[in-house]
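For reference, structure_8.cif (mmCIF, C-alpha atoms):
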data_data
loop_
_atom_site.label_atom_id
_atom_site.label_comp_id
_atom_site.auth_asym_id
_atom_site.auth_seq_id
_atom_site.Cartn_x
_atom_site.Cartn_y
_atom_site.Cartn_z
CA GLN G 1 -30.95 -25.93 65.39
CA ARG G 2 -27.25 -26.57 65.94
CA ARG G 3 -26.25 -23.88 63.44
CA ILE G 4 -28.65 -21.32 64.98
CA LEU G 5 -27.15 -21.94 68.43
CA VAL G 6 -23.58 -21.65 67.07
CA ALA G 7 -24.50 -18.34 65.40
CA MET G 8 -26.05 -17.09 68.67
CA ASN G 9 -22.90 -18.16 70.50
CA ASP G 10 -20.77 -16.19 68.00
CA LEU G 11 -22.92 -13.14 68.77
CA ASN G 12 -22.44 -13.83 72.52
CA LEU G 13 -26.20 -13.80 73.24
CA ARG G 14 -25.97 -15.27 76.75
CA PRO G 15 -28.85 -15.18 79.27
CA GLY G 16 -27.58 -11.99 80.98
CA LYS G 17 -27.11 -10.04 77.73
CA LYS G 18 -29.60 -7.86 75.85
CA HIS G 19 -32.01 -9.56 73.41
CA LEU G 20 -30.96 -9.17 69.78
CA LYS G 21 -33.17 -8.81 66.69
CA CYS G 22 -34.06 -12.22 65.21
CA ALA G 23 -33.44 -11.03 61.64
CA LYS G 24 -29.78 -10.49 62.59
CA ILE G 25 -29.49 -13.98 64.15
CA CYS G 26 -31.17 -15.64 61.15
CA GLY G 27 -29.03 -13.61 58.75
CA ASP G 28 -25.83 -14.69 60.51
CA THR G 29 -26.96 -18.34 60.56
CA SER G 30 -27.74 -18.20 56.85
CA GLY G 31 -24.63 -16.22 55.90
CA ASN G 32 -22.13 -18.20 57.97
CA TYR G 33 -23.42 -21.76 58.30
CA HIS G 34 -26.73 -22.60 56.60
CA PRO G 35 -26.98 -21.41 52.96
CA HIS G 36 -30.25 -23.26 52.21
CA GLY G 37 -32.72 -20.40 52.19
CA GLU G 38 -33.75 -17.97 54.88
CA SER G 39 -37.34 -19.22 55.19
CA VAL G 40 -36.50 -22.34 57.27
CA ILE G 41 -34.31 -20.61 59.86
CA SER G 42 -36.86 -18.32 61.51
CA PRO G 43 -39.55 -21.04 62.08
CA THR G 44 -36.86 -23.34 63.55
CA MET G 45 -35.77 -20.65 65.99
CA VAL G 46 -39.41 -19.89 66.91
CA GLY G 47 -39.93 -23.62 67.68
CA MET G 48 -36.91 -23.59 70.01
CA ALA G 49 -38.54 -20.79 72.03
CA GLN G 50 -42.11 -22.12 72.33
CA LYS G 51 -42.57 -23.57 75.81
CA TRP G 52 -45.53 -25.75 74.73
CA LYS G 53 -43.31 -27.47 72.14
CA MET G 54 -39.99 -27.70 74.05
CA ARG G 55 -39.81 -29.32 77.51
CA VAL G 56 -36.87 -26.98 78.23
CA PRO G 57 -36.77 -24.09 75.69
CA LEU G 58 -33.32 -23.28 74.25
CA VAL G 59 -34.15 -19.76 73.07
CA ASP G 60 -35.40 -16.93 75.30
CA PRO G 61 -37.89 -14.94 73.16
CA GLN G 62 -39.06 -11.33 73.23
CA GLY G 63 -42.11 -10.39 71.18
CA ASN G 64 -44.83 -12.47 69.54
CA PHE G 65 -43.57 -16.04 69.07
CA GLY G 66 -47.00 -17.56 68.40
CA SER G 67 -49.32 -19.26 70.89
CA ILE G 68 -50.68 -22.68 71.86
CA ASP G 69 -53.92 -21.66 70.08
CA GLY G 70 -52.08 -21.82 66.76
CA ASP G 71 -51.65 -18.06 66.24
CA PRO G 72 -48.72 -17.39 63.88
CA PRO G 73 -45.54 -15.74 65.24
CA ALA G 74 -44.55 -12.24 64.12
CA ALA G 75 -41.99 -11.86 61.33
CA MET G 76 -38.35 -12.05 62.41
CA ARG G 77 -37.90 -8.29 61.84
CA TYR G 78 -40.27 -7.58 64.76
CA THR G 79 -38.94 -10.05 67.35
CA GLU G 80 -35.82 -10.45 69.47
CA ALA G 81 -34.13 -13.40 71.16
CA ARG G 82 -31.17 -14.65 73.17
CA MET G 83 -30.00 -18.04 74.47
CA HIS G 84 -31.51 -19.79 77.47
CA HIS G 85 -29.34 -21.45 80.14
CA ALA G 86 -29.86 -24.91 78.59
CA ALA G 87 -28.44 -23.67 75.26
CA VAL G 88 -25.37 -22.28 77.07
CA ASP G 89 -24.84 -25.74 78.62
CA LEU G 90 -25.19 -27.38 75.18
CA LEU G 91 -22.32 -25.19 73.94
CA ALA G 92 -20.18 -25.30 77.12
CA ASP G 93 -16.42 -25.82 76.47
CA ILE G 94 -16.87 -25.70 72.67
CA LYS G 95 -13.73 -23.51 72.39
CA LEU G 96 -11.58 -26.07 74.27
CA ASP G 97 -11.15 -28.54 71.37
CA THR G 98 -13.87 -30.82 72.78
CA VAL G 99 -15.59 -31.64 69.45
CA ASP G 100 -14.59 -32.00 65.79
CA PHE G 101 -15.01 -29.01 63.50
CA GLN G 102 -15.50 -28.93 59.74
CA ALA G 103 -15.28 -26.14 57.17
CA ASN G 104 -18.51 -24.26 56.49
CA TYR G 105 -20.05 -24.11 52.98
CA ASP G 106 -17.56 -21.54 51.62
CA ASP G 107 -14.43 -22.64 53.58
CA ARG G 108 -14.38 -19.28 55.36
CA LEU G 109 -15.20 -20.50 58.90
CA GLN G 110 -15.24 -23.68 60.97
CA GLU G 111 -18.48 -25.16 62.35
CA PRO G 112 -18.86 -27.98 64.90
CA THR G 113 -20.09 -31.35 63.60
CA VAL G 114 -21.74 -32.00 66.99
CA LEU G 115 -22.16 -29.97 70.21
CA PRO G 116 -20.37 -30.84 73.49
CA GLY G 117 -23.85 -31.29 75.01
CA LYS G 118 -23.52 -30.83 78.75
CA PHE G 119 -27.35 -30.64 78.60
CA PRO G 120 -28.86 -33.91 77.23
CA ASN G 121 -31.09 -32.18 74.68
CA LEU G 122 -32.23 -35.23 72.69
CA LEU G 123 -33.42 -37.07 75.81
CA ILE G 124 -35.12 -34.07 77.45
CA ASN G 125 -36.58 -32.18 74.48
CA GLY G 126 -37.00 -35.12 72.12
CA GLY G 127 -37.34 -34.43 68.44
CA MET G 128 -39.49 -35.24 65.43
CA GLY G 129 -38.36 -35.48 61.85
CA ILE G 130 -38.82 -37.28 58.58
CA ALA G 131 -35.74 -38.27 56.58
CA VAL G 132 -35.56 -40.38 53.41
CA GLY G 133 -37.44 -43.61 54.11
CA MET G 134 -37.47 -43.28 57.91
CA ALA G 135 -39.04 -41.10 60.57
CA THR G 136 -38.03 -40.34 64.12
CA SER G 137 -40.25 -39.36 67.03
CA LEU G 138 -38.42 -39.00 70.35
CA PRO G 139 -40.72 -37.89 73.17
CA PRO G 140 -39.78 -35.15 75.67
CA HIS G 141 -38.83 -36.20 79.22
CA ASN G 142 -38.66 -34.66 82.69
CA PRO G 143 -35.17 -33.08 83.15
CA THR G 144 -34.78 -34.25 86.77
CA GLU G 145 -35.66 -37.86 85.89
CA ILE G 146 -33.28 -37.98 82.91
CA LEU G 147 -30.37 -36.34 84.76
CA ASP G 148 -30.88 -38.69 87.73
CA ALA G 149 -30.95 -41.67 85.31
CA ILE G 150 -27.67 -40.51 83.73
CA VAL G 151 -26.03 -40.19 87.18
CA ARG G 152 -27.21 -43.70 88.11
CA PHE G 153 -25.90 -45.09 84.80
CA VAL G 154 -22.48 -43.48 85.39
CA HIS G 155 -22.27 -45.01 88.88
CA ASN G 156 -23.44 -48.42 87.65
CA PRO G 157 -23.27 -49.02 83.84
CA SER G 158 -24.93 -52.43 84.27
CA VAL G 159 -28.09 -50.91 85.81
CA SER G 160 -31.29 -52.52 84.49
CA LEU G 161 -34.13 -50.70 82.74
CA LEU G 162 -36.63 -51.47 85.52
CA GLU G 163 -34.22 -50.08 88.12
CA LEU G 164 -33.91 -46.85 86.11
CA MET G 165 -37.71 -46.62 85.97
CA THR G 166 -38.18 -46.88 89.76
CA ASP G 167 -37.17 -44.28 92.35
CA GLU G 168 -33.99 -44.93 94.33
CA LYS G 169 -34.57 -44.40 98.07
CA ASP G 170 -32.23 -44.18 101.08
CA ASP G 171 -32.65 -46.10 104.37
CA ASP G 172 -35.24 -43.58 105.65
CA GLY G 173 -37.40 -44.02 102.54
CA VAL G 174 -36.53 -40.59 101.11
CA VAL G 175 -36.20 -40.48 97.30
CA VAL G 176 -32.52 -39.85 96.41
CA ARG G 177 -32.76 -40.33 92.65
CA ARG G 178 -36.00 -40.18 90.67
CA GLY G 179 -36.89 -42.97 88.23
CA VAL G 180 -37.88 -42.26 84.61
CA GLN G 181 -41.68 -42.62 84.79
CA GLY G 182 -42.23 -42.09 81.06
CA PRO G 183 -42.49 -39.21 78.58
CA ASP G 184 -43.23 -35.82 80.12
CA PHE G 185 -45.01 -33.57 77.63
CA PRO G 186 -44.76 -29.77 78.02
CA THR G 187 -48.54 -29.46 77.42
CA GLY G 188 -49.30 -31.94 80.23
CA GLY G 189 -51.93 -34.64 79.75
CA ILE G 190 -52.20 -38.16 81.14
CA ILE G 191 -50.63 -41.27 79.59
CA GLN G 192 -53.02 -44.23 79.75
CA GLY G 193 -51.25 -47.41 80.91
CA ARG G 194 -47.55 -48.31 81.07
CA ARG G 195 -47.24 -51.02 78.40
CA GLY G 196 -46.43 -48.60 75.55
CA ILE G 197 -43.79 -46.83 77.66
CA LEU G 198 -42.08 -50.13 78.53
CA ASP G 199 -42.08 -51.25 74.88
CA ALA G 200 -40.54 -47.95 73.79
CA TYR G 201 -37.82 -48.03 76.46
CA GLU G 202 -36.94 -51.67 75.75
CA THR G 203 -37.04 -51.78 71.95
CA GLY G 204 -37.07 -48.15 70.87
CA ARG G 205 -40.59 -48.36 69.44
CA GLY G 206 -43.94 -48.07 71.21
CA ARG G 207 -47.31 -46.32 71.20
CA VAL G 208 -48.80 -44.42 74.10
CA THR G 209 -52.33 -43.05 74.45
CA VAL G 210 -52.38 -39.48 75.78
CA ARG G 211 -55.50 -37.86 77.23
CA GLY G 212 -56.11 -34.26 78.16
CA ARG G 213 -56.68 -33.51 81.86
CA CYS G 214 -60.16 -32.28 82.87
CA HIS G 215 -62.01 -31.36 86.03
CA VAL G 216 -65.68 -30.58 86.73
CA GLU G 217 -66.83 -27.26 88.23
CA PRO G 218 -70.36 -26.53 89.55
CA MET G 219 -72.08 -23.46 88.08
CA PRO G 220 -74.31 -21.00 90.01
CA ASN G 221 -77.46 -22.10 88.09
CA GLY G 222 -77.14 -25.70 89.35
CA ARG G 223 -75.57 -27.06 86.16
CA GLU G 224 -71.97 -28.25 85.70
CA GLN G 225 -69.10 -27.37 83.41
CA ILE G 226 -66.11 -29.48 82.32
CA VAL G 227 -62.82 -27.54 82.25
CA ILE G 228 -59.90 -28.86 80.16
CA ASP G 229 -56.63 -27.83 81.87
CA GLU G 230 -54.11 -29.82 79.81
CA ILE G 231 -54.24 -31.05 76.21
CA PRO G 232 -52.33 -33.79 74.33
CA TYR G 233 -48.87 -32.91 72.96
CA SER G 234 -48.61 -31.18 69.54
CA LEU G 235 -52.38 -30.56 69.40
CA VAL G 236 -53.36 -27.00 68.41
CA GLN G 237 -55.88 -25.82 70.97
CA GLU G 238 -58.09 -24.03 68.45
CA THR G 239 -58.44 -27.32 66.52
CA LEU G 240 -59.72 -29.01 69.69
CA VAL G 241 -62.35 -26.30 70.26
CA THR G 242 -63.45 -26.53 66.59
CA LYS G 243 -63.76 -30.34 66.78
CA ILE G 244 -65.85 -30.12 69.98
CA VAL G 245 -68.19 -27.60 68.30
CA GLU G 246 -68.46 -29.88 65.23
CA SER G 247 -69.30 -32.89 67.44
CA VAL G 248 -72.10 -30.88 69.10
CA LYS G 249 -73.48 -29.76 65.71
CA ASP G 250 -73.39 -33.33 64.34
CA GLU G 251 -75.21 -34.44 67.55
CA ARG G 252 -72.49 -36.96 68.44
CA ILE G 253 -72.31 -35.23 71.84
CA LYS G 254 -75.76 -33.97 72.85
CA ASP G 255 -75.39 -32.63 76.40
CA ILE G 256 -73.16 -29.59 75.69
CA SER G 257 -74.75 -26.13 75.69
CA ASP G 258 -71.67 -23.90 75.21
CA VAL G 259 -67.91 -24.10 74.54
CA ARG G 260 -65.49 -21.28 75.41
CA ASN G 261 -61.71 -20.95 75.16
CA GLU G 262 -60.62 -19.04 78.27
CA SER G 263 -56.86 -19.64 77.87
CA GLY G 264 -54.65 -16.62 78.36
CA ARG G 265 -52.38 -14.97 80.86
CA ASN G 266 -53.65 -16.93 83.89
CA ALA G 267 -53.71 -20.41 82.29
CA GLN G 268 -51.89 -21.86 79.29
CA SER G 269 -54.93 -24.08 78.60
CA ARG G 270 -58.45 -23.52 79.86
CA VAL G 271 -61.28 -24.71 77.62
CA VAL G 272 -64.68 -24.48 79.35
CA ILE G 273 -67.53 -26.77 78.24
CA GLU G 274 -70.93 -25.93 79.75
CA LEU G 275 -73.32 -28.86 80.12
CA LYS G 276 -77.10 -28.90 79.82
CA LYS G 277 -79.28 -29.32 82.89
CA GLY G 278 -79.21 -32.87 84.29
CA ALA G 279 -76.29 -33.98 82.06
CA ASP G 280 -73.84 -36.54 83.45
CA SER G 281 -70.33 -35.02 83.31
CA ALA G 282 -68.60 -38.45 83.33
CA VAL G 283 -70.54 -39.56 80.23
CA VAL G 284 -69.76 -36.32 78.36
CA GLU G 285 -66.07 -36.61 79.32
CA ASN G 286 -65.91 -40.11 77.79
CA GLN G 287 -67.68 -38.86 74.66
CA LEU G 288 -65.05 -36.09 74.37
CA TYR G 289 -62.26 -38.72 74.49
CA GLN G 290 -64.07 -40.77 71.84
CA HIS G 291 -65.17 -38.09 69.34
CA THR G 292 -62.56 -35.30 69.67
CA PRO G 293 -58.73 -35.08 69.65
CA LEU G 294 -58.76 -34.81 73.49
CA GLN G 295 -57.42 -38.40 73.38
CA GLN G 296 -54.64 -39.20 70.92
CA THR G 297 -52.00 -41.84 70.32
CA PHE G 298 -48.36 -40.76 70.28
CA SER G 299 -45.92 -43.03 68.46
CA ILE G 300 -42.44 -43.31 69.96
CA ILE G 301 -39.72 -44.15 67.42
CA ASN G 302 -36.26 -43.64 68.94
CA ILE G 303 -34.13 -43.40 65.79
CA ALA G 304 -30.98 -41.32 66.17
CA LEU G 305 -27.61 -41.13 64.41
CA VAL G 306 -24.75 -43.06 66.04
CA ASN G 307 -21.45 -42.44 64.20
CA ARG G 308 -23.50 -41.17 61.24
CA GLN G 309 -25.59 -44.34 61.05
CA PRO G 310 -29.29 -44.36 61.98
CA ARG G 311 -30.11 -46.75 64.84
CA THR G 312 -33.25 -47.60 66.79
CA MET G 313 -32.41 -47.46 70.49
CA GLY G 314 -34.03 -48.10 73.85
CA LEU G 315 -33.56 -45.82 76.84
CA LEU G 316 -30.41 -47.55 78.14
CA ASP G 317 -28.74 -47.29 74.70
CA LEU G 318 -29.57 -43.59 74.42
CA ILE G 319 -28.15 -42.87 77.88
CA GLY G 320 -25.09 -45.07 77.19
CA HIS G 321 -24.21 -43.19 73.99
CA TYR G 322 -24.74 -39.83 75.71
CA VAL G 323 -22.42 -40.81 78.59
CA ALA G 324 -19.78 -42.07 76.12
CA HIS G 325 -19.96 -38.76 74.23
CA ARG G 326 -19.58 -36.75 77.43
CA GLY G 327 -16.62 -38.92 78.47
CA ASP G 328 -14.95 -38.19 75.13
CA VAL G 329 -15.65 -34.44 75.49
CA ILE G 330 -14.18 -34.30 79.02
CA ARG G 331 -11.05 -36.26 77.97
CA ARG G 332 -10.47 -33.92 75.03
CA ARG G 333 -11.04 -30.84 77.22
CA THR G 334 -8.50 -32.07 79.78
CA ARG G 335 -5.91 -32.79 77.05
CA HIS G 336 -6.44 -29.30 75.63
CA LEU G 337 -6.05 -27.64 79.05
CA LEU G 338 -2.86 -29.67 79.66
CA ARG G 339 -1.42 -28.60 76.27
CA GLU G 340 -2.18 -24.94 77.02
CA ALA G 341 -0.68 -25.26 80.54
CA LYS G 342 2.53 -26.79 79.09
CA LYS G 343 2.83 -23.93 76.58
CA LYS G 344 2.41 -21.43 79.40
CA ALA G 345 4.95 -23.31 81.58
CA HIS G 346 7.45 -23.15 78.69
CA LEU G 347 7.06 -19.37 78.48
CA LEU G 348 7.32 -18.94 82.25
CA GLU G 349 10.51 -21.05 82.38
CA GLY G 350 11.99 -18.79 79.69
CA MET G 351 11.05 -15.73 81.75
CA ILE G 352 12.67 -17.26 84.87
CA TYR G 353 15.96 -17.71 82.95
CA ALA G 354 15.72 -14.14 81.62
CA VAL G 355 15.13 -12.73 85.11
CA ALA G 356 17.88 -14.93 86.65
CA ASP G 357 20.39 -13.59 84.06
#
Is it possible to express this structure as structure tokens?
Amino acid sequence: QRRILVAMNDLNLRPGKKHLKCAKICGDTSGNYHPHGESVISPTMVGMAQKWKMRVPLVDPQGNFGSIDGDPPAAMRYTEARMHHAAVDLLADIKLDTVDFQANYDDRLQEPTVLPGKFPNLLINGGMGIAVGMATSLPPHNPTEILDAIVRFVHNPSVSLLELMTDEKDDDGVVVRRGVQGPDFPTGGIIQGRRGILDAYETGRGRVTVRGRCHVEPMPNGREQIVIDEIPYSLVQETLVTKIVESVKDERIKDISDVRNESGRNAQSRVVIELKKGADSAVVENQLYQHTPLQQTFSIINIALVNRQPRTMGLLDLIGHYVAHRGDVIRRRTRHLLREAKKKAHLLEGMIYAVAD
């Protein structure tokens, strides 16, 4: 992801510019920074553009980039992309000696070892990955809550976890800074209970149960239908529909007469389940949670690299390391600007002497 963004930055694909063909972006990434096969680059870039996978997408897509139903994206020769505003913030001040650079694979160019990261990507978008002998699973969070938490941590580094998780209000009872309520998945859904969230934020490991969000609509013929508006994170919608149909065929859920997927332009998720006459919608809803993937557990494992060593961290640790990194970036930027200003002053002084003579 970092190398794709650096390649897009080299091509100057900012939010106001024209979209550029993805094959060109992937080719540049592969040719300049990532020599390990073309096949991994395009799917990574597609993932950075899918708004049901990323809480704040980093890539602004044009063309078919797949769908929440599990449809495959078009090949990179048919699609175009450019950076989103969040990606521009991730790369802000990269030219001002704010981060360390290393030689690329053929010593022809320099690539950053880490991004300046004005946008806290790991906290907001999370990340999942399997390395050798360990896995990480960082959940996505609400941008406002995370940014407010970072501001509160900067003002008071000894702030407690419970304080960060509750809203900060002024004397009139108006919320000034929002508390971190818990993970905020781009597909929506409801987290059952707070215990798992607290465990994850304290120790870096926890499990939360996520349910889809449903509501009941009356039908003209006197029957009812359950409509699923939000589904658990990382669940392919078509899989959910298939599992519901299987449960009806196996007679685990008996009161369903029809299942339709009405998702599309008007709603990201809208799965309609028609009930038989006299069926109790509350009972069927509970059966859906029990027998289909409409209720899932999401494991939170906050493992990230700190100075190249993997560490399991709670929320306060993650924010602390992010703030320390930003402090380092801003100090280095200021030093660089001072150096450049001194060089310019030296030239101007020389010009003053020349003019005076």
Which residue of G:Met165, G:Val154, G:Val283, G:Val208 approaches Gly193 in chain G most closely, using all atoms listed in the file: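 Looking only at the distances to Gly193 in chain G, the closest residue turns out to be G:Val208.
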Å distance separating CA of Leu198 in chain G from CA of Ile150 in chain G, one decimal place: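 Here the two named atoms are 18.1 Å from each other.
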Pick from G:Glu38, G:Glu230, G:Asp100, G:Glu285 nearest to Pro116 in chain G, counting all atoms listed in the file: G:Asp100
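The space between CA of Glu224 in chain G and CA of Val259 in chain G spans 12.6 Å.
Taking all atoms listed in the file into account, Gln296 in chain G lies nearest to G:Gly189 out of the set G:Gly117, G:Gly327, G:Pro73, G:Gly189.
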Hits from the PyMOL selection byres ((chain G and resi 93) around 10), listed as a VMD selection string: chain G and resid 88 to 92 94 to 99 115 to 118 329 to 330 333
I need the chosen residues saved as a tab-separated table (two decimals), in the coordinates of the input, with C-alpha atoms.
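As written to disk, result21.tsv reads:
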chain	number	residue	atom	x	y	z
G	88	VAL	CA	-25.37	-22.28	77.07
G	89	ASP	CA	-24.84	-25.74	78.62
G	90	LEU	CA	-25.19	-27.38	75.18
G	91	LEU	CA	-22.32	-25.19	73.94
G	92	ALA	CA	-20.18	-25.30	77.12
G	94	ILE	CA	-16.87	-25.70	72.67
G	95	LYS	CA	-13.73	-23.51	72.39
G	96	LEU	CA	-11.58	-26.07	74.27
G	97	ASP	CA	-11.15	-28.54	71.37
G	98	THR	CA	-13.87	-30.82	72.78
G	99	VAL	CA	-15.59	-31.64	69.45
G	115	LEU	CA	-22.16	-29.97	70.21
G	116	PRO	CA	-20.37	-30.84	73.49
G	117	GLY	CA	-23.85	-31.29	75.01
G	118	LYS	CA	-23.52	-30.83	78.75
G	329	VAL	CA	-15.65	-34.44	75.49
G	330	ILE	CA	-14.18	-34.30	79.02
G	333	ARG	CA	-11.04	-30.84	77.22
Shell around Gln287 in chain G at 12 Å using all atoms listed in the file, local window under 6 positions removed, as a count of residues only: 14
Given the PyMOL selection byres ((chain G and resi 149) around 12), the residues it picks as a count of residues only: 42
Length of the CA of Val210 in chain G to CA of Ile231 in chain G vector [Å]: 8.6 Å
